[in-house]
>>> print(open('upload_12.txt').read())   # compact mmCIF, C-alpha atoms
# COMPACT_ATOMS: atom_id res chain seq x y z
CA MET A 82 98.32 162.06 157.73
CA SER A 83 100.93 159.57 158.82
CA THR A 84 101.40 158.07 162.24
CA HIS A 85 103.29 159.61 165.14
CA THR A 86 106.21 157.20 165.08
CA GLU A 87 106.77 158.07 161.45
CA HIS A 88 107.06 161.74 162.36
CA ALA A 89 109.75 161.12 164.91
CA VAL A 90 111.78 158.96 162.55
CA ASN A 91 111.44 161.15 159.48
CA SER A 92 112.23 164.54 161.03
CA LYS A 93 115.88 164.59 159.97
CA THR A 94 115.38 163.05 156.55
CA GLU A 95 112.44 165.38 155.88
CA ALA A 96 114.60 168.41 156.70
CA THR A 97 117.36 167.14 154.39
CA LYS A 98 114.80 166.59 151.64
CA TYR A 99 113.52 170.16 152.00
CA LEU A 100 117.05 171.54 151.93
CA ILE A 101 117.91 169.63 148.75
CA THR A 102 114.67 170.90 147.22
CA LEU A 103 115.61 174.47 148.09
CA VAL A 104 119.06 174.08 146.52
CA GLY A 105 117.44 172.63 143.40
CA LEU A 106 115.03 175.57 143.18
CA LEU A 107 117.85 178.08 143.57
CA ILE A 108 119.88 176.37 140.84
CA LEU A 109 116.86 176.48 138.51
CA THR A 110 116.46 180.20 139.30
CA GLY A 111 120.11 180.71 138.35
CA ILE A 112 119.55 178.84 135.08
CA THR A 113 116.49 180.99 134.25
CA VAL A 114 118.36 184.23 134.87
CA GLY A 115 121.37 182.97 132.95
CA ALA A 116 119.30 181.78 129.98
CA SER A 117 117.58 185.17 129.75
CA TYR A 118 120.91 186.77 128.78
CA ILE A 119 121.29 184.44 125.79
CA ASN A 120 119.14 185.18 122.76
CA PHE A 121 117.19 182.10 121.66
CA GLY A 122 114.62 184.21 119.81
CA SER A 123 111.13 183.00 120.62
CA GLY A 124 112.70 180.10 122.52
CA ASN A 125 113.47 182.37 125.48
CA ILE A 126 109.89 182.58 126.67
CA VAL A 127 109.46 178.80 126.24
CA ILE A 128 112.59 178.12 128.31
CA ALA A 129 111.57 180.62 131.00
CA LEU A 130 108.05 179.21 131.32
CA THR A 131 109.24 175.59 131.23
CA ILE A 132 111.68 176.22 134.08
CA ALA A 133 108.99 178.16 135.97
CA THR A 134 106.61 175.22 135.59
CA ILE A 135 109.28 172.78 136.79
CA LYS A 136 109.90 175.02 139.82
CA ALA A 137 106.20 175.38 140.55
CA SER A 138 105.78 171.60 140.31
CA ILE A 139 108.65 171.01 142.73
CA VAL A 140 107.14 173.51 145.19
CA GLY A 141 103.76 171.80 144.84
CA LEU A 142 105.04 168.25 145.16
CA ILE A 143 107.57 168.68 147.97
CA PHE A 144 106.88 171.89 149.90
CA MET A 145 103.11 171.58 149.58
CA HIS A 146 103.30 167.84 150.27
CA LEU A 147 101.24 166.84 147.24
CA LEU A 148 103.56 163.92 146.57
CA HIS A 149 102.86 162.15 149.86
CA ASP A 150 99.51 163.68 150.71
CA LYS A 151 96.01 162.32 150.26
CA PRO A 152 95.40 162.21 146.48
CA VAL A 153 92.24 164.34 146.74
CA ASN A 154 94.36 167.47 147.30
CA ALA A 155 96.44 166.75 144.22
CA VAL A 156 93.24 166.18 142.22
CA ILE A 157 91.95 169.60 143.26
CA ALA A 158 95.27 171.30 142.49
CA VAL A 159 95.70 169.60 139.11
CA ALA A 160 92.06 170.29 138.18
CA GLY A 161 92.63 173.97 138.93
CA PHE A 162 95.63 174.09 136.64
CA ILE A 163 93.83 172.13 133.91
CA PHE A 164 91.00 174.67 133.90
CA LEU A 165 93.53 177.49 133.85
CA GLY A 166 95.18 175.73 130.92
CA ILE A 167 91.88 175.49 129.01
CA PHE A 168 91.24 179.17 129.68
CA LEU A 169 94.68 180.23 128.47
CA MET A 170 94.59 177.82 125.51
CA PHE A 171 91.39 179.31 124.07
CA ASP A 172 92.68 182.81 124.70
CA PHE A 173 95.81 182.23 122.70
CA LEU A 174 94.09 180.15 120.03
CA ASP A 175 91.92 183.19 119.49
CA VAL A 176 94.88 185.55 119.27
CA ASP A 177 96.85 183.28 116.97
CA SER A 178 93.98 182.61 114.60
CA ARG A 179 93.11 186.27 114.23
CA THR A 180 94.11 187.92 111.00
CA ASN A 181 93.98 191.61 110.26
CA PRO A 182 90.27 192.41 110.70
CA GLN A 183 90.51 194.98 107.92
CA PRO A 184 90.21 193.35 104.48
CA THR A 185 93.38 193.94 102.51
CA ASN A 186 91.48 195.10 99.41
CA LEU A 187 89.64 197.76 101.39
CA HIS A 188 92.12 200.41 100.32
CA ALA A 189 91.68 199.79 96.60
CA PRO A 190 88.13 201.09 95.91
CA PRO A 191 88.52 204.55 97.52
CA ALA A 192 91.86 205.03 95.82
CA ALA A 193 90.45 203.97 92.46
CA ALA A 194 87.17 205.81 92.95
CA ALA A 195 88.73 209.13 93.91
CA PRO A 196 90.42 209.84 90.58
CA ALA A 197 87.48 208.32 88.71
CA THR A 198 84.88 210.63 90.25
CA ALA A 199 87.20 213.60 90.14
CA GLY A 200 88.18 212.84 86.63
CA ALA A 201 84.66 212.14 85.32
CA PRO A 202 83.31 215.73 85.05
CA ALA A 203 86.61 217.16 83.87
CA ALA A 204 87.05 214.55 81.18
CA ALA A 205 83.48 214.72 79.90
CA GLY A 206 84.53 214.63 76.32
CA THR A 207 86.84 211.62 76.49
CA PRO A 208 86.36 208.70 74.13
CA ALA A 209 83.52 206.29 74.99
CA GLY A 210 86.01 203.46 75.57
CA ALA A 211 87.09 204.98 78.91
CA GLY A 212 83.50 205.07 80.14
CA ASP A 213 82.96 201.45 79.18
CA ALA A 214 86.05 200.38 81.04
CA LYS A 215 84.80 202.15 84.17
CA LYS A 216 81.47 200.32 84.08
CA GLU A 217 83.18 196.94 84.00
CA MET B 129 90.76 165.11 164.51
CA GLU B 130 92.42 163.61 161.51
CA GLN B 131 89.24 163.93 159.48
CA GLN B 132 88.96 167.58 160.53
CA PHE B 133 92.53 168.15 159.41
CA ASP B 134 91.89 166.52 156.03
CA THR B 135 88.71 168.52 155.50
CA SER B 136 90.42 171.79 156.36
CA LYS B 137 93.16 170.97 153.95
CA ILE B 138 90.73 170.25 151.10
CA GLY B 139 89.07 173.59 151.84
CA MET B 140 92.43 175.31 151.71
CA TRP B 141 93.27 173.70 148.39
CA LEU B 142 89.95 174.83 146.94
CA PHE B 143 90.78 178.36 148.06
CA LEU B 144 94.24 178.09 146.51
CA VAL B 145 92.64 177.04 143.21
CA THR B 146 90.52 180.19 143.22
CA GLU B 147 93.73 182.16 143.81
CA VAL B 148 95.38 180.43 140.87
CA LEU B 149 92.42 181.31 138.67
CA THR B 150 92.41 184.93 139.86
CA PHE B 151 96.03 185.38 138.95
CA GLY B 152 95.48 183.24 135.84
CA GLY B 153 93.06 185.84 134.51
CA LEU B 154 95.65 188.56 135.04
CA PHE B 155 98.34 186.44 133.39
CA ALA B 156 96.03 185.90 130.40
CA GLY B 157 95.48 189.66 130.11
CA PHE B 158 99.21 190.24 130.33
CA GLY B 159 99.82 187.67 127.60
CA LEU B 160 97.23 189.21 125.29
CA MET B 161 98.67 192.70 125.74
CA GLN B 162 102.18 191.44 125.21
CA ASN B 163 100.95 189.98 121.95
CA LYS B 164 99.51 193.36 121.01
CA TYR B 165 102.54 195.46 122.04
CA PRO B 166 105.55 193.11 121.78
CA GLN B 167 108.18 195.82 121.26
CA GLU B 168 106.77 198.14 123.91
CA PHE B 169 106.71 195.32 126.47
CA VAL B 170 110.34 194.44 125.82
CA GLY B 171 111.25 198.12 126.08
CA ALA B 172 109.25 198.56 129.28
CA HIS B 173 110.73 195.50 130.99
CA GLU B 174 114.19 196.98 130.60
CA GLU B 175 113.11 199.65 133.09
CA LEU B 176 112.70 196.99 135.79
CA LYS B 177 115.66 196.09 137.94
CA ARG B 178 116.64 192.54 137.17
CA TRP B 179 118.84 192.23 140.27
CA ALA B 180 115.89 193.20 142.48
CA GLY B 181 113.61 190.64 140.85
CA SER B 182 116.24 187.91 141.12
CA THR B 183 116.98 188.72 144.76
CA ASN B 184 113.29 188.65 145.57
CA THR B 185 112.97 185.25 143.89
CA VAL B 186 115.75 183.87 146.07
CA VAL B 187 114.25 185.52 149.19
CA LEU B 188 110.85 183.95 148.55
CA LEU B 189 112.28 180.51 147.80
CA VAL B 190 114.29 180.52 151.01
CA SER B 191 111.22 181.74 152.92
CA SER B 192 109.27 178.82 151.46
CA PHE B 193 111.91 176.51 152.85
CA THR B 194 111.71 178.08 156.32
CA ALA B 195 107.90 177.84 156.14
CA VAL B 196 107.99 174.13 155.43
CA MET B 197 110.56 173.69 158.21
CA ALA B 198 108.13 175.44 160.55
CA VAL B 199 105.46 172.90 159.63
CA LEU B 200 107.92 170.08 160.25
CA ALA B 201 108.86 171.52 163.64
CA ALA B 202 105.21 172.07 164.61
CA ARG B 203 104.20 168.53 163.77
CA THR B 204 107.17 167.05 165.65
CA ASN B 205 106.23 168.85 168.88
CA GLN B 206 108.95 171.49 168.62
CA GLY B 207 106.82 174.57 169.19
CA LYS B 208 109.70 176.94 169.96
CA LYS B 209 111.60 175.87 166.88
CA ALA B 210 108.43 176.30 164.83
CA ALA B 211 108.05 179.84 166.22
CA ILE B 212 111.62 180.70 165.24
CA TYR B 213 111.15 179.37 161.71
CA LEU B 214 107.88 181.30 161.41
CA TRP B 215 109.55 184.55 162.50
CA ILE B 216 112.37 183.95 160.00
CA THR B 217 109.74 183.47 157.31
CA VAL B 218 108.08 186.75 158.35
CA GLY B 219 111.52 188.37 158.18
CA PHE B 220 112.08 187.16 154.61
CA GLY B 221 108.61 188.43 153.74
CA ALA B 222 109.63 191.83 155.11
CA VAL B 223 112.85 191.79 153.05
CA PHE B 224 110.79 191.00 149.97
CA MET B 225 108.42 193.89 150.67
CA CYS B 226 111.29 196.31 151.30
CA ILE B 227 112.94 195.46 147.97
CA LYS B 228 109.55 195.77 146.28
CA ALA B 229 108.95 199.15 147.95
CA TYR B 230 112.38 200.35 146.81
CA GLU B 231 111.55 199.25 143.25
CA TYR B 232 108.20 201.03 143.31
CA MET B 233 109.79 204.23 144.63
CA SER B 234 112.45 204.33 141.93
CA ASP B 235 109.81 203.51 139.29
CA PHE B 236 107.66 206.41 140.48
CA GLN B 237 110.63 208.77 140.38
CA GLU B 238 111.13 207.90 136.71
CA GLY B 239 107.46 208.50 135.96
CA LEU B 240 106.73 204.81 135.52
CA PHE B 241 103.14 204.95 136.69
CA PRO B 242 100.26 202.72 135.63
CA GLY B 243 97.79 203.73 132.93
CA LYS B 244 97.11 207.38 132.22
CA TYR B 245 99.53 208.57 134.92
CA TYR B 246 102.45 207.15 132.96
CA SER B 247 104.91 210.01 132.40
CA HIS B 248 108.21 208.35 131.55
CA HIS B 249 110.38 210.00 128.89
CA GLY B 250 112.66 208.47 126.32
CA ASP B 251 110.59 205.50 125.15
CA LEU B 252 111.53 204.05 121.80
CA ILE B 253 108.02 204.15 120.34
CA VAL B 254 106.64 207.60 121.11
CA GLY B 255 102.94 207.92 121.87
CA SER B 256 102.26 204.18 122.22
CA HIS B 257 99.93 202.96 124.95
CA GLY B 258 101.99 199.79 125.25
CA TYR B 259 104.34 201.10 127.95
CA ALA B 260 101.54 202.35 130.17
CA THR B 261 99.72 199.05 129.65
CA PHE B 262 102.79 197.12 130.74
CA PHE B 263 103.06 199.14 133.93
CA SER B 264 99.33 198.86 134.61
CA PHE B 265 99.71 195.09 134.59
CA TYR B 266 103.00 195.25 136.47
CA PHE B 267 101.61 197.29 139.36
CA MET B 268 98.32 195.39 139.44
CA MET B 269 99.90 191.95 139.55
CA THR B 270 102.92 192.65 141.75
CA GLY B 271 100.69 194.80 143.98
CA LEU B 272 98.15 192.02 144.41
CA HIS B 273 101.00 189.59 144.99
CA GLY B 274 102.53 191.96 147.55
CA LEU B 275 99.19 192.16 149.33
CA HIS B 276 99.26 188.37 149.57
CA VAL B 277 102.76 188.52 151.03
CA LEU B 278 101.56 191.04 153.64
CA ILE B 279 98.57 188.86 154.56
CA GLY B 280 100.89 185.85 154.77
CA MET B 281 103.23 187.79 157.08
CA CYS B 282 100.35 188.73 159.39
CA LEU B 283 99.15 185.11 159.55
CA MET B 284 102.67 183.83 160.16
CA SER B 285 103.22 186.31 163.01
CA TRP B 286 99.99 185.20 164.64
CA LEU B 287 101.03 181.55 164.28
CA ALA B 288 104.52 182.26 165.63
CA ILE B 289 102.97 183.67 168.82
CA ARG B 290 100.69 180.65 169.08
CA ALA B 291 103.52 178.20 168.38
CA ARG B 292 105.62 179.83 171.08
CA ARG B 293 102.68 179.44 173.46
CA GLY B 294 102.64 175.71 172.66
CA ASP B 295 99.36 175.54 170.79
CA PHE B 296 100.63 173.10 168.21
CA SER B 297 101.67 169.48 168.40
CA ASP B 298 101.72 166.37 166.27
CA LYS B 299 98.01 166.06 167.08
CA TYR B 300 97.09 169.59 166.02
CA TYR B 301 99.07 171.73 163.63
CA THR B 302 96.36 172.49 161.04
CA PRO B 303 96.78 176.31 161.00
CA VAL B 304 100.55 176.08 160.48
CA ASP B 305 100.11 173.63 157.63
CA LEU B 306 97.41 175.67 155.90
CA VAL B 307 99.19 179.03 156.20
CA ALA B 308 102.36 177.37 154.89
CA LEU B 309 100.33 176.14 151.90
CA PHE B 310 99.17 179.71 151.30
CA TRP B 311 102.75 180.97 151.55
CA HIS B 312 103.96 178.37 149.04
CA LEU B 313 101.25 179.43 146.61
CA VAL B 314 102.37 183.04 146.92
CA ASP B 315 105.89 181.82 146.16
CA MET B 316 104.58 179.82 143.21
CA ILE B 317 102.86 182.89 141.73
CA TRP B 318 106.11 184.84 142.02
CA ILE B 319 107.90 181.98 140.22
CA TYR B 320 105.77 182.89 137.18
CA LEU B 321 105.71 186.67 137.72
CA PHE B 322 109.49 186.89 137.82
CA PRO B 323 110.38 185.52 134.36
CA LEU B 324 107.36 187.11 132.68
CA TYR B 325 108.08 190.63 133.94
CA TYR B 326 111.79 190.77 134.48
CA LEU B 327 113.19 188.38 131.88
CA ILE B 328 111.03 188.71 128.76
CA THR B 329 112.89 189.43 125.56
>>> encode(input="upload_12.txt", output="structure tokens")
Amino acid sequence: MSTHTEHAVNSKTEATKYLITLVGLLILTGITVGASYINFGSGNIVIALTIATIKASIVGLIFMHLLHDKPVNAVIAVAGFIFLGIFLMFDFLDVDSRTNPQPTNLHAPPAAAAPATAGAPAAAGTPAGAGDAKKE
Amino acid sequence: MEQQFDTSKIGMWLFLVTEVLTFGGLFAGFGLMQNKYPQEFVGAHEELKRWAGSTNTVVLLVSSFTAVMAVLAARTNQGKKAAIYLWITVGFGAVFMCIKAYEYMSDFQEGLFPGKYYSHHGDLIVGSHGYATFFSFYFMMTGLHGLHVLIGMCLMSWLAIRARRGDFSDKYYTPVDLVALFWHLVDMIWIYLFPLYYLIT
């Protein structure tokens, strides 16, 4: 960490910095709550998560000292979030790329077959043309 | 000493990353289920008290501020001031838990239980598992988060006693710094929990 003299000098300015950070975080919270009452359609979730990420970054950089700390801590933190991002990305790629697993034409054969099989014995004496059409 | 401090801090950050990934898995599950039951999730979130969630967000943010002030006091040889800030942080943690407990109690009274115990009446889509799924995730994630708050409160109380005793100085304040990091992470998780549970539309 930093030297002792630095501590003594920075105590007041550090406290002010933390206070400003807190006010900023509270304002962002107000914006999130306010924005949730307005309907932006699918934009609501984007706004909410963007503001949450900004807030989390501020907490990480200022309150958790990542901004002025040894870079190794920031590397660990950022790596953690990158891996979380990869995890979530593949999850949602999967969900988004999924189509209805049931083929859309699956309903057709049973519906067509049912009257055909039911109709076949009853209509035994129908013209040959109907039978030919069924084979095709 | 400085090397010991740095090493402890790296260890703490590694632990925090595992915490992020733990909650990340739960968030992923929540996202997938929201994708599956979009209407049910919107309906279910209306049952949550937005004022309680907002108040708790403010409480945790302010407690994060008092936690970082405790670190500042500890590392500038102001042990008594650090103890006071730590107790204030514990107090905010207690306020958070009380509001959470109140929310849980009123949820239970309305039959908003997780999973198969869900017995709420008057849902828009009758017979859907979506509502119970929402509350399974809600109680799992806020419960796990609440457990973290409780652990944080215990650690902070222990540190407040030690700070009062004069254990910490500019030469040694590692425990205060690390517990504050933990507390900030708990705050950070709530920053994501709050909009996803209380504000989704």
>>> closest_residue(input="upload_12.txt", among="B:Gln206, B:Ser297, B:Ser247, B:Thr261", to="B:Asn163", atoms="all atoms listed in the file")
B:Thr261
>>> closest_atom_pairs(input="upload_12.txt", of="stretch 87-184 of chain A", to="stretch 148-154 of chain B", cutoff="10 Å", atoms="all atoms listed in the file", output="JSON lines")
{"residue": "A:Ala158", "atom": "CA", "partner": "B:Val148", "partner_atom": "CA", "distance": 9.3}
{"residue": "A:Gly161", "atom": "CA", "partner": "B:Val148", "partner_atom": "CA", "distance": 7.3}
{"residue": "A:Phe162", "atom": "CA", "partner": "B:Val148", "partner_atom": "CA", "distance": 7.6}
{"residue": "A:Phe164", "atom": "CA", "partner": "B:Leu149", "partner_atom": "CA", "distance": 8.3}
{"residue": "A:Leu165", "atom": "CA", "partner": "B:Leu149", "partner_atom": "CA", "distance": 6.2}
{"residue": "A:Gly166", "atom": "CA", "partner": "B:Gly152", "partner_atom": "CA", "distance": 9.0}
{"residue": "A:Phe168", "atom": "CA", "partner": "B:Gly153", "partner_atom": "CA", "distance": 8.4}
{"residue": "A:Leu169", "atom": "CA", "partner": "B:Gly152", "partner_atom": "CA", "distance": 8.0}
>>> closest_atom_pairs(input="upload_12.txt", of="chain B", to="chain A", cutoff="9 Å", atoms="all atoms listed in the file", output="JSON lines")
{"residue": "B:Glu130", "atom": "CA", "partner": "A:Met82", "partner_atom": "CA", "distance": 7.2}
{"residue": "B:Phe133", "atom": "CA", "partner": "A:Met82", "partner_atom": "CA", "distance": 8.6}
{"residue": "B:Asp134", "atom": "CA", "partner": "A:Met82", "partner_atom": "CA", "distance": 8.0}
{"residue": "B:Lys137", "atom": "CA", "partner": "A:Asn154", "partner_atom": "CA", "distance": 7.6}
{"residue": "B:Ile138", "atom": "CA", "partner": "A:Asn154", "partner_atom": "CA", "distance": 5.9}
{"residue": "B:Trp141", "atom": "CA", "partner": "A:Asn154", "partner_atom": "CA", "distance": 6.4}
{"residue": "B:Leu142", "atom": "CA", "partner": "A:Ile157", "partner_atom": "CA", "distance": 6.7}
{"residue": "B:Leu144", "atom": "CA", "partner": "A:Ala158", "partner_atom": "CA", "distance": 8.0}
{"residue": "B:Val145", "atom": "CA", "partner": "A:Gly161", "partner_atom": "CA", "distance": 5.3}
{"residue": "B:Thr146", "atom": "CA", "partner": "A:Gly161", "partner_atom": "CA", "distance": 7.8}
{"residue": "B:Val148", "atom": "CA", "partner": "A:Gly161", "partner_atom": "CA", "distance": 7.3}
{"residue": "B:Leu149", "atom": "CA", "partner": "A:Leu165", "partner_atom": "CA", "distance": 6.2}
{"residue": "B:Gly152", "atom": "CA", "partner": "A:Leu165", "partner_atom": "CA", "distance": 6.4}
{"residue": "B:Gly153", "atom": "CA", "partner": "A:Leu165", "partner_atom": "CA", "distance": 8.4}
{"residue": "B:Phe155", "atom": "CA", "partner": "A:Leu169", "partner_atom": "CA", "distance": 8.7}
{"residue": "B:Ala156", "atom": "CA", "partner": "A:Leu169", "partner_atom": "CA", "distance": 6.1}
{"residue": "B:Gly159", "atom": "CA", "partner": "A:Phe173", "partner_atom": "CA", "distance": 8.3}
{"residue": "B:Leu160", "atom": "CA", "partner": "A:Val176", "partner_atom": "CA", "distance": 7.4}
{"residue": "B:Asn163", "atom": "CA", "partner": "A:Val176", "partner_atom": "CA", "distance": 8.0}
{"residue": "B:Arg178", "atom": "CA", "partner": "A:Val114", "partner_atom": "CA", "distance": 8.8}
{"residue": "B:Ser182", "atom": "CA", "partner": "A:Val114", "partner_atom": "CA", "distance": 7.6}
{"residue": "B:Thr185", "atom": "CA", "partner": "A:Thr110", "partner_atom": "CA", "distance": 7.7}
{"residue": "B:Val186", "atom": "CA", "partner": "A:Leu107", "partner_atom": "CA", "distance": 6.6}
{"residue": "B:Leu189", "atom": "CA", "partner": "A:Leu103", "partner_atom": "CA", "distance": 6.9}
{"residue": "B:Val190", "atom": "CA", "partner": "A:Leu103", "partner_atom": "CA", "distance": 6.8}
{"residue": "B:Ser192", "atom": "CA", "partner": "A:Phe144", "partner_atom": "CA", "distance": 7.5}
{"residue": "B:Phe193", "atom": "CA", "partner": "A:Leu103", "partner_atom": "CA", "distance": 6.4}
{"residue": "B:Ala195", "atom": "CA", "partner": "A:Phe144", "partner_atom": "CA", "distance": 8.7}
{"residue": "B:Val196", "atom": "CA", "partner": "A:Phe144", "partner_atom": "CA", "distance": 6.1}
{"residue": "B:Met197", "atom": "CA", "partner": "A:Ala96", "partner_atom": "CA", "distance": 6.8}
{"residue": "B:Leu200", "atom": "CA", "partner": "A:Ser92", "partner_atom": "CA", "distance": 7.1}
{"residue": "B:Ala201", "atom": "CA", "partner": "A:Ser92", "partner_atom": "CA", "distance": 8.2}
{"residue": "B:Arg203", "atom": "CA", "partner": "A:His88", "partner_atom": "CA", "distance": 7.5}
{"residue": "B:Thr204", "atom": "CA", "partner": "A:His88", "partner_atom": "CA", "distance": 6.2}
{"residue": "B:Asp298", "atom": "CA", "partner": "A:His85", "partner_atom": "CA", "distance": 7.0}
{"residue": "B:Lys299", "atom": "CA", "partner": "A:His85", "partner_atom": "CA", "distance": 8.6}
{"residue": "B:Asp305", "atom": "CA", "partner": "A:Met145", "partner_atom": "CA", "distance": 8.8}
{"residue": "B:Ala308", "atom": "CA", "partner": "A:Met145", "partner_atom": "CA", "distance": 7.9}
{"residue": "B:Leu309", "atom": "CA", "partner": "A:Met145", "partner_atom": "CA", "distance": 5.8}
{"residue": "B:His312", "atom": "CA", "partner": "A:Met145", "partner_atom": "CA", "distance": 6.9}
{"residue": "B:Leu313", "atom": "CA", "partner": "A:Gly141", "partner_atom": "CA", "distance": 8.2}
{"residue": "B:Asp315", "atom": "CA", "partner": "A:Val140", "partner_atom": "CA", "distance": 8.5}
{"residue": "B:Met316", "atom": "CA", "partner": "A:Ala137", "partner_atom": "CA", "distance": 5.4}
{"residue": "B:Ile317", "atom": "CA", "partner": "A:Ala137", "partner_atom": "CA", "distance": 8.3}
{"residue": "B:Ile319", "atom": "CA", "partner": "A:Ala133", "partner_atom": "CA", "distance": 5.8}
{"residue": "B:Tyr320", "atom": "CA", "partner": "A:Ala133", "partner_atom": "CA", "distance": 5.8}
{"residue": "B:Phe322", "atom": "CA", "partner": "A:Ala133", "partner_atom": "CA", "distance": 8.9}
{"residue": "B:Pro323", "atom": "CA", "partner": "A:Ala129", "partner_atom": "CA", "distance": 6.1}
{"residue": "B:Leu324", "atom": "CA", "partner": "A:Ala129", "partner_atom": "CA", "distance": 7.9}
{"residue": "B:Leu327", "atom": "CA", "partner": "A:Ser117", "partner_atom": "CA", "distance": 5.8}
{"residue": "B:Ile328", "atom": "CA", "partner": "A:Ile126", "partner_atom": "CA", "distance": 6.6}
{"residue": "B:Thr329", "atom": "CA", "partner": "A:Asn125", "partner_atom": "CA", "distance": 7.1}
>>> write_last_selection(input="upload_12.txt", atoms="C-alpha atoms", output="CSV table (one decimal), in the coordinates of the input")
chain,number,residue,atom,x,y,z
B,130,GLU,CA,92.4,163.6,161.5
B,133,PHE,CA,92.5,168.2,159.4
B,134,ASP,CA,91.9,166.5,156.0
B,137,LYS,CA,93.2,171.0,154.0
B,138,ILE,CA,90.7,170.2,151.1
B,141,TRP,CA,93.3,173.7,148.4
B,142,LEU,CA,90.0,174.8,146.9
B,144,LEU,CA,94.2,178.1,146.5
B,145,VAL,CA,92.6,177.0,143.2
B,146,THR,CA,90.5,180.2,143.2
B,148,VAL,CA,95.4,180.4,140.9
B,149,LEU,CA,92.4,181.3,138.7
B,152,GLY,CA,95.5,183.2,135.8
B,153,GLY,CA,93.1,185.8,134.5
B,155,PHE,CA,98.3,186.4,133.4
B,156,ALA,CA,96.0,185.9,130.4
B,159,GLY,CA,99.8,187.7,127.6
B,160,LEU,CA,97.2,189.2,125.3
B,163,ASN,CA,101.0,190.0,122.0
B,178,ARG,CA,116.6,192.5,137.2
B,182,SER,CA,116.2,187.9,141.1
B,185,THR,CA,113.0,185.2,143.9
B,186,VAL,CA,115.8,183.9,146.1
B,189,LEU,CA,112.3,180.5,147.8
B,190,VAL,CA,114.3,180.5,151.0
B,192,SER,CA,109.3,178.8,151.5
B,193,PHE,CA,111.9,176.5,152.8
B,195,ALA,CA,107.9,177.8,156.1
B,196,VAL,CA,108.0,174.1,155.4
B,197,MET,CA,110.6,173.7,158.2
B,200,LEU,CA,107.9,170.1,160.2
B,201,ALA,CA,108.9,171.5,163.6
B,203,ARG,CA,104.2,168.5,163.8
B,204,THR,CA,107.2,167.0,165.6
B,298,ASP,CA,101.7,166.4,166.3
B,299,LYS,CA,98.0,166.1,167.1
B,305,ASP,CA,100.1,173.6,157.6
B,308,ALA,CA,102.4,177.4,154.9
B,309,LEU,CA,100.3,176.1,151.9
B,312,HIS,CA,104.0,178.4,149.0
B,313,LEU,CA,101.2,179.4,146.6
B,315,ASP,CA,105.9,181.8,146.2
B,316,MET,CA,104.6,179.8,143.2
B,317,ILE,CA,102.9,182.9,141.7
B,319,ILE,CA,107.9,182.0,140.2
B,320,TYR,CA,105.8,182.9,137.2
B,322,PHE,CA,109.5,186.9,137.8
B,323,PRO,CA,110.4,185.5,134.4
B,324,LEU,CA,107.4,187.1,132.7
B,327,LEU,CA,113.2,188.4,131.9
B,328,ILE,CA,111.0,188.7,128.8
B,329,THR,CA,112.9,189.4,125.6
>>> atom_distance(input="upload_12.txt", atom1="atom CA of B:Phe296", atom2="atom CA of B:Trp318")
29.2 Å
>>> atom_distance(input="upload_12.txt", atom1="atom CA of B:Gly181", atom2="atom CA of B:Gly221")
14.0 Å
>>> atom_distance(input="upload_12.txt", atom1="atom CA of B:Met161", atom2="atom CA of B:Glu175")
17.6 Å
>>> residues_around(input="upload_12.txt", residues="B:Trp215", least_positions_apart="6", cutoff="9 Å", atoms="all atoms listed in the file", output="list of chain:residue names")
B:Met281, B:Met284, B:Ser285, B:Ala288
>>> axis_aligned_box(input="upload_12.txt", around="stretch 290-295 of chain B", padding_each_side="3 Å", output="JSON")
{"center_x": 102.5, "center_y": 178.1, "center_z": 170.9, "size_x": 12.3, "size_y": 11.1, "size_z": 11.1}
>>> decode(input="upload_12.txt", residues="stretch 113-126 of chain A", atoms="C-alpha atoms", output="PDB file, in the first residue's frame")
ATOM      1  CA  THR A 113     -33.062   2.880 -11.778  1.00  0.00           C
ATOM      2  CA  VAL A 114     -36.226   2.954  -9.700  1.00  0.00           C
ATOM      3  CA  GLY A 115     -37.566   5.897 -11.690  1.00  0.00           C
ATOM      4  CA  ALA A 116     -36.794   4.287 -15.052  1.00  0.00           C
ATOM      5  CA  SER A 117     -38.599   1.106 -14.020  1.00  0.00           C
ATOM      6  CA  TYR A 118     -41.899   3.030 -13.930  1.00  0.00           C
ATOM      7  CA  ILE A 119     -41.512   4.083 -17.567  1.00  0.00           C
ATOM      8  CA  ASN A 120     -42.200   1.455 -20.206  1.00  0.00           C
ATOM      9  CA  PHE A 121     -39.295   1.156 -22.652  1.00  0.00           C
ATOM     10  CA  GLY A 122     -40.337  -2.353 -23.687  1.00  0.00           C
ATOM     11  CA  SER A 123     -37.323  -4.630 -23.775  1.00  0.00           C
ATOM     12  CA  GLY A 124     -35.149  -1.580 -23.113  1.00  0.00           C
ATOM     13  CA  ASN A 125     -36.086  -1.623 -19.422  1.00  0.00           C
ATOM     14  CA  ILE A 126     -33.950  -4.632 -18.588  1.00  0.00           C
TER      15      ILE A 126
END
